[in-house]
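Chemist: For reference, this is entry11.pdb, and it has PDB, N, CA and C atoms and all ligand atoms.
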```
ATOM      1  N   MET A   1      17.900  14.402 -12.140
ATOM      2  CA  MET A   1      17.684  13.071 -11.528
ATOM      3  C   MET A   1      18.353  13.027 -10.167
ATOM      4  N   SER A   2      17.611  12.623  -9.196
ATOM      5  CA  SER A   2      18.178  12.538  -7.858
ATOM      6  C   SER A   2      18.930  11.221  -7.674
ATOM      7  N   THR A   3      19.833  11.243  -6.753
ATOM      8  CA  THR A   3      20.607  10.047  -6.452
ATOM      9  C   THR A   3      20.111   9.445  -5.148
ATOM     10  N   GLU A   4      19.791   8.169  -5.192
ATOM     11  CA  GLU A   4      19.295   7.505  -4.003
ATOM     12  C   GLU A   4      20.165   6.303  -3.668
ATOM     13  N   VAL A   5      20.343   6.091  -2.402
ATOM     14  CA  VAL A   5      21.072   4.916  -1.961
ATOM     15  C   VAL A   5      20.069   3.796  -1.724
ATOM     16  N   LEU A   6      20.239   2.731  -2.476
ATOM     17  CA  LEU A   6      19.298   1.628  -2.374
ATOM     18  C   LEU A   6      19.963   0.398  -1.797
ATOM     19  N   PRO A   7      19.194  -0.399  -1.081
ATOM     20  CA  PRO A   7      19.736  -1.661  -0.577
ATOM     21  C   PRO A   7      20.121  -2.553  -1.736
ATOM     22  N   GLY A   8      21.112  -3.379  -1.529
ATOM     23  CA  GLY A   8      21.566  -4.246  -2.597
ATOM     24  C   GLY A   8      22.825  -3.708  -3.250
ATOM     25  N   SER A   9      23.196  -2.476  -2.898
ATOM     26  CA  SER A   9      24.388  -1.892  -3.495
ATOM     27  C   SER A   9      25.627  -2.232  -2.674
ATOM     28  N   ASP A  10      25.422  -2.863  -1.544
ATOM     29  CA  ASP A  10      26.571  -3.259  -0.746
ATOM     30  C   ASP A  10      26.824  -4.752  -0.933
ATOM     31  N   THR A  11      27.718  -5.302  -0.150
ATOM     32  CA  THR A  11      28.092  -6.702  -0.348
ATOM     33  C   THR A  11      27.324  -7.627   0.580
ATOM     34  N   ARG A  12      26.456  -7.056   1.393
ATOM     35  CA  ARG A  12      25.729  -7.855   2.357
ATOM     36  C   ARG A  12      24.550  -8.558   1.689
ATOM     37  N   GLN A  13      24.276  -9.780   2.087
ATOM     38  CA  GLN A  13      23.121 -10.482   1.549
ATOM     39  C   GLN A  13      21.848  -9.903   2.160
ATOM     40  N   ASP A  14      20.868  -9.702   1.322
ATOM     41  CA  ASP A  14      19.601  -9.147   1.793
ATOM     42  C   ASP A  14      18.585 -10.252   2.022
ATOM     43  N   THR A  15      19.057 -11.352   2.540
ATOM     44  CA  THR A  15      18.158 -12.471   2.766
ATOM     45  C   THR A  15      17.735 -12.554   4.224
ATOM     46  N   ASP A  16      18.098 -11.527   4.989
ATOM     47  CA  ASP A  16      17.767 -11.560   6.416
ATOM     48  C   ASP A  16      16.577 -10.663   6.733
ATOM     49  N   ILE A  17      15.797 -10.362   5.703
ATOM     50  CA  ILE A  17      14.600  -9.563   5.935
ATOM     51  C   ILE A  17      13.598 -10.404   6.713
ATOM     52  N   ARG A  18      13.215  -9.901   7.855
ATOM     53  CA  ARG A  18      12.316 -10.670   8.700
ATOM     54  C   ARG A  18      10.866 -10.268   8.444
ATOM     55  N   PRO A  19      10.023 -11.247   8.236
ATOM     56  CA  PRO A  19       8.599 -10.926   8.062
ATOM     57  C   PRO A  19       8.042 -10.250   9.320
ATOM     58  N   ASP A  20       7.350  -9.187   9.112
ATOM     59  CA  ASP A  20       6.751  -8.479  10.242
ATOM     60  C   ASP A  20       5.400  -7.961   9.771
ATOM     61  N   LEU A  21       4.540  -8.906   9.474
ATOM     62  CA  LEU A  21       3.269  -8.549   8.856
ATOM     63  C   LEU A  21       2.342  -7.863   9.848
ATOM     64  N   SER A  22       1.833  -6.741   9.434
ATOM     65  CA  SER A  22       0.902  -6.016  10.277
ATOM     66  C   SER A  22      -0.523  -6.378   9.881
ATOM     67  N   PRO A  23      -1.312  -6.821  10.825
ATOM     68  CA  PRO A  23      -2.701  -7.187  10.518
ATOM     69  C   PRO A  23      -3.459  -5.998   9.939
ATOM     70  N   GLY A  24      -4.140  -6.238   8.863
ATOM     71  CA  GLY A  24      -4.979  -5.194   8.296
ATOM     72  C   GLY A  24      -4.240  -4.306   7.313
ATOM     73  N   ASP A  25      -2.924  -4.507   7.180
ATOM     74  CA  ASP A  25      -2.177  -3.685   6.244
ATOM     75  C   ASP A  25      -2.205  -4.333   4.871
ATOM     76  N   GLY A  26      -3.146  -3.933   4.052
ATOM     77  CA  GLY A  26      -3.283  -4.539   2.736
ATOM     78  C   GLY A  26      -2.693  -3.680   1.644
ATOM     79  N   ASP A  27      -1.983  -2.641   2.015
ATOM     80  CA  ASP A  27      -1.404  -1.743   1.030
ATOM     81  C   ASP A  27      -0.129  -2.348   0.474
ATOM     82  N   HIS A  28      -0.183  -2.810  -0.767
ATOM     83  CA  HIS A  28       0.985  -3.470  -1.351
ATOM     84  C   HIS A  28       2.145  -2.515  -1.547
ATOM     85  N   GLU A  29       1.846  -1.234  -1.582
ATOM     86  CA  GLU A  29       2.932  -0.280  -1.734
ATOM     87  C   GLU A  29       3.777  -0.212  -0.468
ATOM     88  N   ARG A  30       3.264  -0.790   0.583
ATOM     89  CA  ARG A  30       3.985  -0.732   1.844
ATOM     90  C   ARG A  30       4.622  -2.074   2.187
ATOM     91  N   PHE A  31       4.690  -2.959   1.208
ATOM     92  CA  PHE A  31       5.396  -4.215   1.387
ATOM     93  C   PHE A  31       6.777  -4.125   0.754
ATOM     94  N   ALA A  32       7.703  -4.900   1.317
ATOM     95  CA  ALA A  32       9.011  -5.052   0.688
ATOM     96  C   ALA A  32       8.965  -6.289  -0.195
ATOM     97  N   HIS A  33       9.208  -6.090  -1.476
ATOM     98  CA  HIS A  33       9.137  -7.202  -2.421
ATOM     99  C   HIS A  33      10.532  -7.697  -2.752
ATOM    100  N   TYR A  34      10.614  -8.977  -3.038
ATOM    101  CA  TYR A  34      11.885  -9.546  -3.485
ATOM    102  C   TYR A  34      12.092  -9.267  -4.966
ATOM    103  N   VAL A  35      13.260  -8.717  -5.273
ATOM    104  CA  VAL A  35      13.626  -8.431  -6.659
ATOM    105  C   VAL A  35      15.090  -8.808  -6.840
ATOM    106  N   GLN A  36      15.415  -9.291  -8.023
ATOM    107  CA  GLN A  36      16.808  -9.598  -8.310
ATOM    108  C   GLN A  36      17.662  -8.351  -8.113
ATOM    109  N   LYS A  37      18.813  -8.553  -7.491
ATOM    110  CA  LYS A  37      19.647  -7.412  -7.142
ATOM    111  C   LYS A  37      20.099  -6.607  -8.356
ATOM    112  N   ASP A  38      20.415  -7.310  -9.438
ATOM    113  CA  ASP A  38      20.867  -6.555 -10.611
ATOM    114  C   ASP A  38      19.746  -5.699 -11.177
ATOM    115  N   LYS A  39      18.520  -6.168 -10.966
ATOM    116  CA  LYS A  39      17.376  -5.383 -11.414
ATOM    117  C   LYS A  39      17.230  -4.132 -10.547
ATOM    118  N   ILE A  40      17.502  -4.292  -9.251
ATOM    119  CA  ILE A  40      17.411  -3.142  -8.356
ATOM    120  C   ILE A  40      18.454  -2.105  -8.725
ATOM    121  N   VAL A  41      19.666  -2.592  -9.010
ATOM    122  CA  VAL A  41      20.736  -1.674  -9.400
ATOM    123  C   VAL A  41      20.361  -0.953 -10.678
ATOM    124  N   ASP A  42      19.817  -1.703 -11.625
ATOM    125  CA  ASP A  42      19.420  -1.106 -12.892
ATOM    126  C   ASP A  42      18.338  -0.063 -12.682
ATOM    127  N   SER A  43      17.407  -0.379 -11.787
ATOM    128  CA  SER A  43      16.335   0.561 -11.498
ATOM    129  C   SER A  43      16.871   1.817 -10.840
ATOM    130  N   ALA A  44      17.872   1.621  -9.972
ATOM    131  CA  ALA A  44      18.462   2.763  -9.283
ATOM    132  C   ALA A  44      19.122   3.704 -10.278
ATOM    133  N   VAL A  45      19.672   3.119 -11.333
ATOM    134  CA  VAL A  45      20.366   3.926 -12.344
ATOM    135  C   VAL A  45      19.372   4.589 -13.287
ATOM    136  N   SER A  46      18.415   3.794 -13.746
ATOM    137  CA  SER A  46      17.523   4.277 -14.794
ATOM    138  C   SER A  46      16.207   4.821 -14.259
ATOM    139  N   GLY A  47      15.849   4.417 -13.042
ATOM    140  CA  GLY A  47      14.596   4.871 -12.475
ATOM    141  C   GLY A  47      13.399   4.138 -13.018
ATOM    142  N   THR A  48      13.635   3.053 -13.742
ATOM    143  CA  THR A  48      12.534   2.284 -14.299
ATOM    144  C   THR A  48      11.987   1.297 -13.280
ATOM    145  N   PRO A  49      10.715   0.968 -13.369
ATOM    146  CA  PRO A  49      10.125  -0.004 -12.451
ATOM    147  C   PRO A  49      10.739  -1.381 -12.642
ATOM    148  N   VAL A  50      10.690  -2.168 -11.576
ATOM    149  CA  VAL A  50      11.167  -3.540 -11.642
ATOM    150  C   VAL A  50      10.005  -4.475 -11.351
ATOM    151  N   VAL A  51      10.167  -5.741 -11.729
ATOM    152  CA  VAL A  51       9.133  -6.734 -11.481
ATOM    153  C   VAL A  51       9.557  -7.617 -10.319
ATOM    154  N   ALA A  52       8.735  -7.630  -9.284
ATOM    155  CA  ALA A  52       9.040  -8.446  -8.118
ATOM    156  C   ALA A  52       8.723  -9.906  -8.396
ATOM    157  N   LEU A  53       9.154 -10.794  -7.494
ATOM    158  CA  LEU A  53       8.884 -12.216  -7.654
ATOM    159  C   LEU A  53       7.391 -12.479  -7.768
ATOM    160  N   CYS A  54       6.583 -11.715  -7.066
ATOM    161  CA  CYS A  54       5.142 -11.932  -7.056
ATOM    162  C   CYS A  54       4.482 -11.348  -8.290
ATOM    163  N   GLY A  55       5.268 -10.645  -9.104
ATOM    164  CA  GLY A  55       4.725 -10.090 -10.323
ATOM    165  C   GLY A  55       4.386  -8.615 -10.231
ATOM    166  N   LYS A  56       4.509  -8.070  -9.021
ATOM    167  CA  LYS A  56       4.202  -6.654  -8.868
ATOM    168  C   LYS A  56       5.276  -5.803  -9.529
ATOM    169  N   VAL A  57       4.843  -4.781 -10.232
ATOM    170  CA  VAL A  57       5.769  -3.851 -10.867
ATOM    171  C   VAL A  57       5.783  -2.562 -10.068
ATOM    172  N   TRP A  58       6.963  -2.197  -9.594
ATOM    173  CA  TRP A  58       7.045  -0.946  -8.832
ATOM    174  C   TRP A  58       8.483  -0.467  -8.798
ATOM    175  N   VAL A  59       8.636   0.783  -8.405
ATOM    176  CA  VAL A  59       9.978   1.346  -8.305
ATOM    177  C   VAL A  59      10.425   1.257  -6.850
ATOM    178  N   PRO A  60      11.456   0.474  -6.567
ATOM    179  CA  PRO A  60      11.900   0.261  -5.180
ATOM    180  C   PRO A  60      12.671   1.458  -4.662
ATOM    181  N   SER A  61      11.969   2.542  -4.451
ATOM    182  CA  SER A  61      12.644   3.758  -4.013
ATOM    183  C   SER A  61      12.657   3.890  -2.498
ATOM    184  N   ARG A  62      11.971   2.950  -1.825
ATOM    185  CA  ARG A  62      11.936   3.004  -0.367
ATOM    186  C   ARG A  62      12.867   1.953   0.207
ATOM    187  N   ASP A  63      13.196   2.130   1.471
ATOM    188  CA  ASP A  63      14.028   1.150   2.154
ATOM    189  C   ASP A  63      13.174  -0.044   2.542
ATOM    190  N   PRO A  64      13.397  -1.195   1.896
ATOM    191  CA  PRO A  64      12.542  -2.367   2.166
ATOM    192  C   PRO A  64      12.688  -2.875   3.592
ATOM    193  N   LYS A  65      13.772  -2.501   4.253
ATOM    194  CA  LYS A  65      13.961  -2.941   5.630
ATOM    195  C   LYS A  65      12.887  -2.366   6.551
ATOM    196  N   LYS A  66      12.241  -1.289   6.099
ATOM    197  CA  LYS A  66      11.233  -0.628   6.918
ATOM    198  C   LYS A  66       9.870  -1.276   6.771
ATOM    199  N   PHE A  67       9.743  -2.164   5.771
ATOM    200  CA  PHE A  67       8.433  -2.697   5.446
ATOM    201  C   PHE A  67       8.387  -4.211   5.622
ATOM    202  N   PRO A  68       7.225  -4.742   5.914
ATOM    203  CA  PRO A  68       7.078  -6.197   6.002
ATOM    204  C   PRO A  68       7.265  -6.821   4.634
ATOM    205  N   VAL A  69       7.791  -8.036   4.638
ATOM    206  CA  VAL A  69       8.019  -8.740   3.382
ATOM    207  C   VAL A  69       6.689  -9.146   2.763
ATOM    208  N   CYS A  70       6.568  -8.897   1.487
ATOM    209  CA  CYS A  70       5.379  -9.307   0.746
ATOM    210  C   CYS A  70       5.190 -10.814   0.898
ATOM    211  N   PRO A  71       4.052 -11.263   1.396
ATOM    212  CA  PRO A  71       3.843 -12.700   1.630
ATOM    213  C   PRO A  71       3.938 -13.517   0.354
ATOM    214  N   ASP A  72       3.527 -12.962  -0.755
ATOM    215  CA  ASP A  72       3.631 -13.681  -2.026
ATOM    216  C   ASP A  72       5.089 -13.848  -2.431
ATOM    217  N   CYS A  73       5.852 -12.770  -2.306
ATOM    218  CA  CYS A  73       7.275 -12.839  -2.631
ATOM    219  C   CYS A  73       7.981 -13.825  -1.702
ATOM    220  N   LYS A  74       7.623 -13.778  -0.422
ATOM    221  CA  LYS A  74       8.263 -14.647   0.554
ATOM    222  C   LYS A  74       8.020 -16.109   0.210
ATOM    223  N   ARG A  75       6.809 -16.430  -0.167
ATOM    224  CA  ARG A  75       6.462 -17.806  -0.500
ATOM    225  C   ARG A  75       7.235 -18.268  -1.735
ATOM    226  N   ILE A  76       7.323 -17.401  -2.724
ATOM    227  CA  ILE A  76       8.055 -17.753  -3.940
ATOM    228  C   ILE A  76       9.544 -17.861  -3.654
ATOM    229  N   TYR A  77      10.036 -16.913  -2.883
ATOM    230  CA  TYR A  77      11.465 -16.918  -2.556
ATOM    231  C   TYR A  77      11.852 -18.182  -1.817
ATOM    232  N   ASP A  78      10.997 -18.604  -0.879
ATOM    233  CA  ASP A  78      11.273 -19.798  -0.100
ATOM    234  C   ASP A  78      11.298 -21.055  -0.969
ATOM    235  N   SER A  79      10.646 -21.001  -2.108
ATOM    236  CA  SER A  79      10.589 -22.155  -2.985
ATOM    237  C   SER A  79      11.761 -22.205  -3.959
ATOM    238  N   LEU A  80      12.549 -21.127  -3.968
ATOM    239  CA  LEU A  80      13.678 -21.075  -4.881
ATOM    240  C   LEU A  80      14.912 -21.716  -4.249
ATOM    241  N   PRO A  81      15.807 -22.209  -5.086
ATOM    242  CA  PRO A  81      17.085 -22.707  -4.563
ATOM    243  C   PRO A  81      17.862 -21.578  -3.888
ATOM    244  N   ALA A  82      18.651 -21.920  -2.883
ATOM    245  CA  ALA A  82      19.435 -20.905  -2.187
ATOM    246  C   ALA A  82      20.367 -20.186  -3.155
ATOM    247  N   GLY A  83      20.419 -18.871  -3.030
ATOM    248  CA  GLY A  83      21.315 -18.101  -3.868
ATOM    249  C   GLY A  83      20.733 -17.765  -5.225
ATOM    250  N   GLU A  84      19.445 -18.044  -5.396
ATOM    251  CA  GLU A  84      18.813 -17.758  -6.683
ATOM    252  C   GLU A  84      18.764 -16.272  -6.940
ATOM    253  N   LEU A  85      18.564 -15.489  -5.901
ATOM    254  CA  LEU A  85      18.531 -14.041  -6.057
ATOM    255  C   LEU A  85      19.909 -13.457  -5.847
TER     256      LEU A  85
HETATM  257 ZN    ZN B   1       5.719  -9.100  -3.707
END
```
In structure tokens, write the structure found in this file.
Modeler:
Amino acid sequence: MSTEVLPGSDTRQDTDIRPDLSPGDGDHERFAHYVQKDKIVDSAVSGTPVVALCGKVWVPSRDPKKFPVCPDCKRIYDSLPAGEL
């Protein structure tokens, strides 16, 4: 099993992800989805997929900072109370 450094393992809040939607990019694998941090940590340990706010199941093995925020996740996240994630 390889060891990967994933966002969310530090003390910084990951709420500063800026939407940077690219027109025509419909590949959901290339979106950064919102996931509860403890779920990300668990996934990092076990390698199991996590469920994003939008319902997408995937393994967050990429750096979400490199990808535009999933519009569905963003909409749901914006509707949540602050600090919900
Ligand atoms: Zn999403």
Chemist: Collect all residues with atoms no farther than 6 Å from ligand ZN 1 (chain B), counting all atoms listed in the file, and output them as a PDB file with N, CA and C atoms, keeping the file's coordinate frame.
Modeler:
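Dumped everything to result-v4.pdb:
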```pdb
ATOM      1  N   ALA A  32       7.703  -4.900   1.317  1.00  0.00           N
ATOM      2  CA  ALA A  32       9.011  -5.052   0.688  1.00  0.00           C
ATOM      3  C   ALA A  32       8.965  -6.289  -0.195  1.00  0.00           C
ATOM      4  N   HIS A  33       9.208  -6.090  -1.476  1.00  0.00           N
ATOM      5  CA  HIS A  33       9.137  -7.202  -2.421  1.00  0.00           C
ATOM      6  C   HIS A  33      10.532  -7.697  -2.752  1.00  0.00           C
ATOM      7  N   TYR A  34      10.614  -8.977  -3.038  1.00  0.00           N
ATOM      8  CA  TYR A  34      11.885  -9.546  -3.485  1.00  0.00           C
ATOM      9  C   TYR A  34      12.092  -9.267  -4.966  1.00  0.00           C
ATOM     10  N   ALA A  52       8.735  -7.630  -9.284  1.00  0.00           N
ATOM     11  CA  ALA A  52       9.040  -8.446  -8.118  1.00  0.00           C
ATOM     12  C   ALA A  52       8.723  -9.906  -8.396  1.00  0.00           C
ATOM     13  N   LEU A  53       9.154 -10.794  -7.494  1.00  0.00           N
ATOM     14  CA  LEU A  53       8.884 -12.216  -7.654  1.00  0.00           C
ATOM     15  C   LEU A  53       7.391 -12.479  -7.768  1.00  0.00           C
ATOM     16  N   CYS A  54       6.583 -11.715  -7.066  1.00  0.00           N
ATOM     17  CA  CYS A  54       5.142 -11.932  -7.056  1.00  0.00           C
ATOM     18  C   CYS A  54       4.482 -11.348  -8.290  1.00  0.00           C
ATOM     19  N   GLY A  55       5.268 -10.645  -9.104  1.00  0.00           N
ATOM     20  CA  GLY A  55       4.725 -10.090 -10.323  1.00  0.00           C
ATOM     21  C   GLY A  55       4.386  -8.615 -10.231  1.00  0.00           C
ATOM     22  N   LYS A  56       4.509  -8.070  -9.021  1.00  0.00           N
ATOM     23  CA  LYS A  56       4.202  -6.654  -8.868  1.00  0.00           C
ATOM     24  C   LYS A  56       5.276  -5.803  -9.529  1.00  0.00           C
ATOM     25  N   CYS A  70       6.568  -8.897   1.487  1.00  0.00           N
ATOM     26  CA  CYS A  70       5.379  -9.307   0.746  1.00  0.00           C
ATOM     27  C   CYS A  70       5.190 -10.814   0.898  1.00  0.00           C
ATOM     28  N   PRO A  71       4.052 -11.263   1.396  1.00  0.00           N
ATOM     29  CA  PRO A  71       3.843 -12.700   1.630  1.00  0.00           C
ATOM     30  C   PRO A  71       3.938 -13.517   0.354  1.00  0.00           C
ATOM     31  N   ASP A  72       3.527 -12.962  -0.755  1.00  0.00           N
ATOM     32  CA  ASP A  72       3.631 -13.681  -2.026  1.00  0.00           C
ATOM     33  C   ASP A  72       5.089 -13.848  -2.431  1.00  0.00           C
ATOM     34  N   CYS A  73       5.852 -12.770  -2.306  1.00  0.00           N
ATOM     35  CA  CYS A  73       7.275 -12.839  -2.631  1.00  0.00           C
ATOM     36  C   CYS A  73       7.981 -13.825  -1.702  1.00  0.00           C
TER      37      CYS A  73
END
```
Chemist: Under the rule that only C-alpha atoms are counted, which of A:Phe31, A:Lys74, A:Val69, A:Pro60 is the nearest residue to Ala44 in chain A?
Modeler: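 With only C-alpha atoms as the atom set, the closest residue is A:Pro60.
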Chemist: Using Å and a single decimal, report how far CA of Gly47 in chain A sits from CA of Tyr77 in chain A.
Modeler: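 These atoms are spaced 24.1 Å apart.
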Chemist: Rounded to one decimal place, report the atom N of Leu80 in chain A-CA of Ser46 in chain A distance in Å.
Modeler: 28.1 Å
Chemist: For each of A:Lys39, A:Lys66, A:Arg30, A:Arg75, take the minimum atom-to-atom distance to Val51 in chain A, counting all atoms listed in the file, then give the residue where this is smallest.
Modeler: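 Counting all atoms listed in the file, the residue closest to Val51 in chain A is A:Lys39.
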Chemist: To one decimal place, how far is CA of Phe67 in chain A from atom N of Ser43 in chain A in Å?
Modeler: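 Computing the Euclidean distance for CA of Phe67 in chain A and atom N of Ser43 in chain A yields 19.6 Å.
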Chemist: Give, as JSON, the centre coordinates and the x, y and z edge lengths in Å to one decimal for an axis-aligned box around all listed atoms of range 70-76 of chain A, padded by 6 Å on each side.
Modeler:
```
{"center_x": 6.5, "center_y": -13.6, "center_z": -1.2, "size_x": 18.0, "size_y": 21.4, "size_z": 17.6}
```
